[in-house]
Amino acid sequence: MRPFDSPPWGAVGRSVLPHFFVYATAAPLAARVSSEVPKASAARMNDENRLSSPFRAAEPDTRPAWRRFVSSHRRPLVVAAILLAFVLLAWLLTPHGTQSAPGGRFAGGGPMPVVTASARTGDMPITLMGLGTVTPLATVTVQSQISGQIVHIGFKEGQTVKAGDPLIQIDPRPYQVALEQAQGALARDKALLANARVDLERYQTLFAQDSIAEQQLATQKSLVAQYAGAVTTDQGQIDAAKLNLTYCHIVSPIAGRVGLQQINVGNYVTPAEPNGLVVVTQLKPITVVFTLPEDDIPPLLQRLHAGASLPVTAWDRSNTHQIASGTLQSIDSQIDTSTGTIRLKAVFTNEDESLFPQQFVNVVLLLDTLHGTTLVPQAAVQRGAPGTYVYLVSSDETVSVRQVTVGPGDATNVAITAGLKPGESVVVDGADRLKDGAKVLLHQGSGSRPGAAAPRGDAHRPGEGQGGRRRSPGNTGGS
């Protein structure tokens, strides 16, 4: 190694530049400085950071060539290594998809197994669905029209009563006494009236004979009219007392079910009771108030203007059990701008009392029915780039893409208004990996029977299929 080829920094990182400048001076100065350096300090210097004397003979570099190359090109090599690491990391993070062979996962092993069903002819209802609340036609809070003490309660909580059935008896004795007083006053005033009329007739005779003054006759006429008015007032007092006696017997104003009683025997009641005495609710018939989106109003009004009686069915909260059947009674006169819906009212006979006031129900309104339309299972309809289509199975067990126009549907089937004929076979299971012209293996399962459908009664189940939206034959966006 040449004396001045050593790097300015030692092997352990300590600078050797001061030593370089010392050795670069004249030899006498170097000798003098060397003699002044303590020997102890020189002993602590190791061979790694001790710089060779420039006056000593240069030692040959015995390192391998690759180490000399690395030492002279250390920085470029570090930069190249970092760039290579970034390139490798980017390659590892880039997703590399594998191109599948045409024909699906069963391309290499034969045709793909599928389940098919045949298109059939049937009827498809067009329904509107909404949420409703059972609302009774009449709910009466019974109040007392007089003040008094309750002496008898003639009903049991939850009892079904008819109009006119006795409910509560109020003590009638104070009102009976008032009636007797009014009757006595009437008898007195009638006697006074009769006597005044006799005197009037006498005064009229005397006045004709010019025996009395005209003023006396006029006074007698006024007295007769006064007694007649007193008799009329007494009769009114009698009628009021009789009416109060009638009010002592409180009866049910309507037929229905009695609620929980608010009073007990012995309570003193007044006409201003805050909670009333009892609540009677009519149950037969009963109504359901429900809402529909404003977009459903035009076809609904078209049917109503045509004079159609639209059937309505009520389902329970879980949409699994039909509670009752009725008819649409009326439609509200305006749209609720906060929700964009309109209120409708349906009436139900409710003979079995299956509908209870304030009950939450799902309502299905049958708007119309398509008769003799082509039906396929819901699973047969596919949606993609071609639009709405089905995989049609040919006689040579290959499939082809057939675009169809979808009409109304229910939870199981959907109507096809164009593009498919009854009897044609379509794929209902296994269509996710098919393509036009693919070979298939027909699987004979329960879903391949043309008549396979949901149990009877589920076709109009709310909350499934369209989720309450109107189904029209021109809707190609699916069922």
# chains A, B, ... in the order shown; residues from 1 in each chain; ligands from 1
>>> select_by_dssp(residues="stretch 298-406 of chain A", states="strand (DSSP E)", output="ChimeraX atom specification")
/A:311-315,322-331,341-348,360-377,382-384,387-393,399-403,405-406
>>> write_last_selection(atoms="C-alpha atoms", output="PDB file, in the first residue's frame")
ATOM      1  CA  PRO A 311    -108.600  -6.512  -2.133  1.00  0.00           C
ATOM      2  CA  VAL A 312    -106.182  -5.919   0.732  1.00  0.00           C
ATOM      3  CA  THR A 313    -104.468  -8.481   2.960  1.00  0.00           C
ATOM      4  CA  ALA A 314    -102.797  -7.867   6.302  1.00  0.00           C
ATOM      5  CA  TRP A 315     -99.681  -9.818   7.330  1.00  0.00           C
ATOM      6  CA  GLN A 322    -101.633 -13.726   6.819  1.00  0.00           C
ATOM      7  CA  ILE A 323    -103.851 -12.200   9.489  1.00  0.00           C
ATOM      8  CA  ALA A 324    -106.953 -10.955   7.680  1.00  0.00           C
ATOM      9  CA  SER A 325    -108.428  -9.987   4.316  1.00  0.00           C
ATOM     10  CA  GLY A 326    -110.384  -6.851   3.500  1.00  0.00           C
ATOM     11  CA  THR A 327    -110.951  -4.185   0.861  1.00  0.00           C
ATOM     12  CA  LEU A 328    -109.629  -0.700   0.206  1.00  0.00           C
ATOM     13  CA  GLN A 329    -112.039   1.862   1.629  1.00  0.00           C
ATOM     14  CA  SER A 330    -110.574   5.304   0.933  1.00  0.00           C
ATOM     15  CA  ILE A 331    -107.478   7.272  -0.024  1.00  0.00           C
ATOM     16  CA  THR A 341     -96.138   8.946   0.846  1.00  0.00           C
ATOM     17  CA  ILE A 342     -99.925   8.935   0.816  1.00  0.00           C
ATOM     18  CA  ARG A 343    -102.222   7.428   3.447  1.00  0.00           C
ATOM     19  CA  LEU A 344    -104.859   4.848   2.598  1.00  0.00           C
ATOM     20  CA  LYS A 345    -107.492   3.094   4.684  1.00  0.00           C
ATOM     21  CA  ALA A 346    -108.658  -0.495   4.307  1.00  0.00           C
ATOM     22  CA  VAL A 347    -111.616  -2.004   6.166  1.00  0.00           C
ATOM     23  CA  PHE A 348    -111.721  -5.558   7.588  1.00  0.00           C
ATOM     24  CA  PHE A 360     -98.391  -3.071  13.367  1.00  0.00           C
ATOM     25  CA  VAL A 361     -99.075  -4.995  10.144  1.00  0.00           C
ATOM     26  CA  ASN A 362     -97.689  -5.340   6.634  1.00  0.00           C
ATOM     27  CA  VAL A 363    -100.305  -4.563   4.007  1.00  0.00           C
ATOM     28  CA  VAL A 364    -100.494  -6.025   0.497  1.00  0.00           C
ATOM     29  CA  LEU A 365    -102.806  -4.313  -1.959  1.00  0.00           C
ATOM     30  CA  LEU A 366    -103.683  -6.374  -5.041  1.00  0.00           C
ATOM     31  CA  LEU A 367    -103.667  -3.845  -7.873  1.00  0.00           C
ATOM     32  CA  ASP A 368    -104.174  -6.216 -10.815  1.00  0.00           C
ATOM     33  CA  THR A 369    -103.395  -9.736 -12.043  1.00  0.00           C
ATOM     34  CA  LEU A 370    -101.630 -10.814 -15.231  1.00  0.00           C
ATOM     35  CA  HIS A 371    -103.353 -13.920 -16.578  1.00  0.00           C
ATOM     36  CA  GLY A 372    -101.671 -16.490 -18.835  1.00  0.00           C
ATOM     37  CA  THR A 373     -98.160 -15.019 -18.628  1.00  0.00           C
ATOM     38  CA  THR A 374     -94.849 -16.895 -18.870  1.00  0.00           C
ATOM     39  CA  LEU A 375     -93.304 -17.657 -15.474  1.00  0.00           C
ATOM     40  CA  VAL A 376     -89.787 -18.779 -14.537  1.00  0.00           C
ATOM     41  CA  PRO A 377     -88.048 -19.101 -11.151  1.00  0.00           C
ATOM     42  CA  GLN A 382     -79.357 -13.010 -14.688  1.00  0.00           C
ATOM     43  CA  ARG A 383     -78.216  -9.391 -14.923  1.00  0.00           C
ATOM     44  CA  GLY A 384     -75.074  -8.190 -16.614  1.00  0.00           C
ATOM     45  CA  GLY A 387     -79.073  -6.484 -19.600  1.00  0.00           C
ATOM     46  CA  THR A 388     -81.591  -8.945 -18.213  1.00  0.00           C
ATOM     47  CA  TYR A 389     -81.084 -12.417 -19.659  1.00  0.00           C
ATOM     48  CA  VAL A 390     -81.376 -16.159 -19.037  1.00  0.00           C
ATOM     49  CA  TYR A 391     -79.276 -19.143 -20.045  1.00  0.00           C
ATOM     50  CA  LEU A 392     -81.394 -21.168 -22.435  1.00  0.00           C
ATOM     51  CA  VAL A 393     -80.593 -24.900 -22.588  1.00  0.00           C
ATOM     52  CA  VAL A 399     -76.490 -23.016 -23.291  1.00  0.00           C
ATOM     53  CA  SER A 400     -77.102 -19.757 -25.076  1.00  0.00           C
ATOM     54  CA  VAL A 401     -77.700 -16.263 -23.739  1.00  0.00           C
ATOM     55  CA  ARG A 402     -81.290 -15.100 -24.299  1.00  0.00           C
ATOM     56  CA  GLN A 403     -82.268 -11.524 -23.468  1.00  0.00           C
ATOM     57  CA  THR A 405     -88.070  -8.575 -20.586  1.00  0.00           C
ATOM     58  CA  VAL A 406     -88.932  -9.010 -16.939  1.00  0.00           C
TER      59      VAL A 406
END
>>> select_by_dssp(residues="stretch 370-447 of chain A", states="helix (DSSP H, G or I)", output="ChimeraX atom specification")
/A:378-380,431-433,446-447
>>> closest_atom_pairs(of="stretch 221-318 of chain A", to="stretch 121-143 of chain A", cutoff="6 Å", atoms="only C-alpha atoms", output="CSV")
residue,atom,partner,partner_atom,distance
A:Gly276,CA,A:Gln143,CA,5.0
A:Leu277,CA,A:Val142,CA,5.6
A:Val278,CA,A:Val142,CA,5.4
A:Val279,CA,A:Thr141,CA,4.4
A:Val280,CA,A:Val140,CA,5.2
A:Thr281,CA,A:Thr139,CA,4.5
A:Gln282,CA,A:Ala138,CA,5.4
A:Ile286,CA,A:Pro136,CA,5.0
A:Thr287,CA,A:Thr135,CA,5.3
A:Val288,CA,A:Val134,CA,4.3
A:Val289,CA,A:Gly132,CA,5.3
A:Phe290,CA,A:Gly132,CA,3.7
A:Thr291,CA,A:Gly130,CA,5.6
A:Leu292,CA,A:Gly130,CA,5.6
>>> residues_around(residues="A:Asp239", least_positions_apart="6", cutoff="12 Å", atoms="only C-alpha atoms", output="ChimeraX atom specification")
/A:175-176,178-183,186,232-233,245-246
>>> closest_residue(among="A:Leu88, A:Met112, A:Val381, A:Ala208", to="A:Arg433", atoms="only C-alpha atoms")
A:Met112
>>> atom_distance(atom1="atom CA of A:Pro174", atom2="atom CA of A:Ala241")
9.5 Å
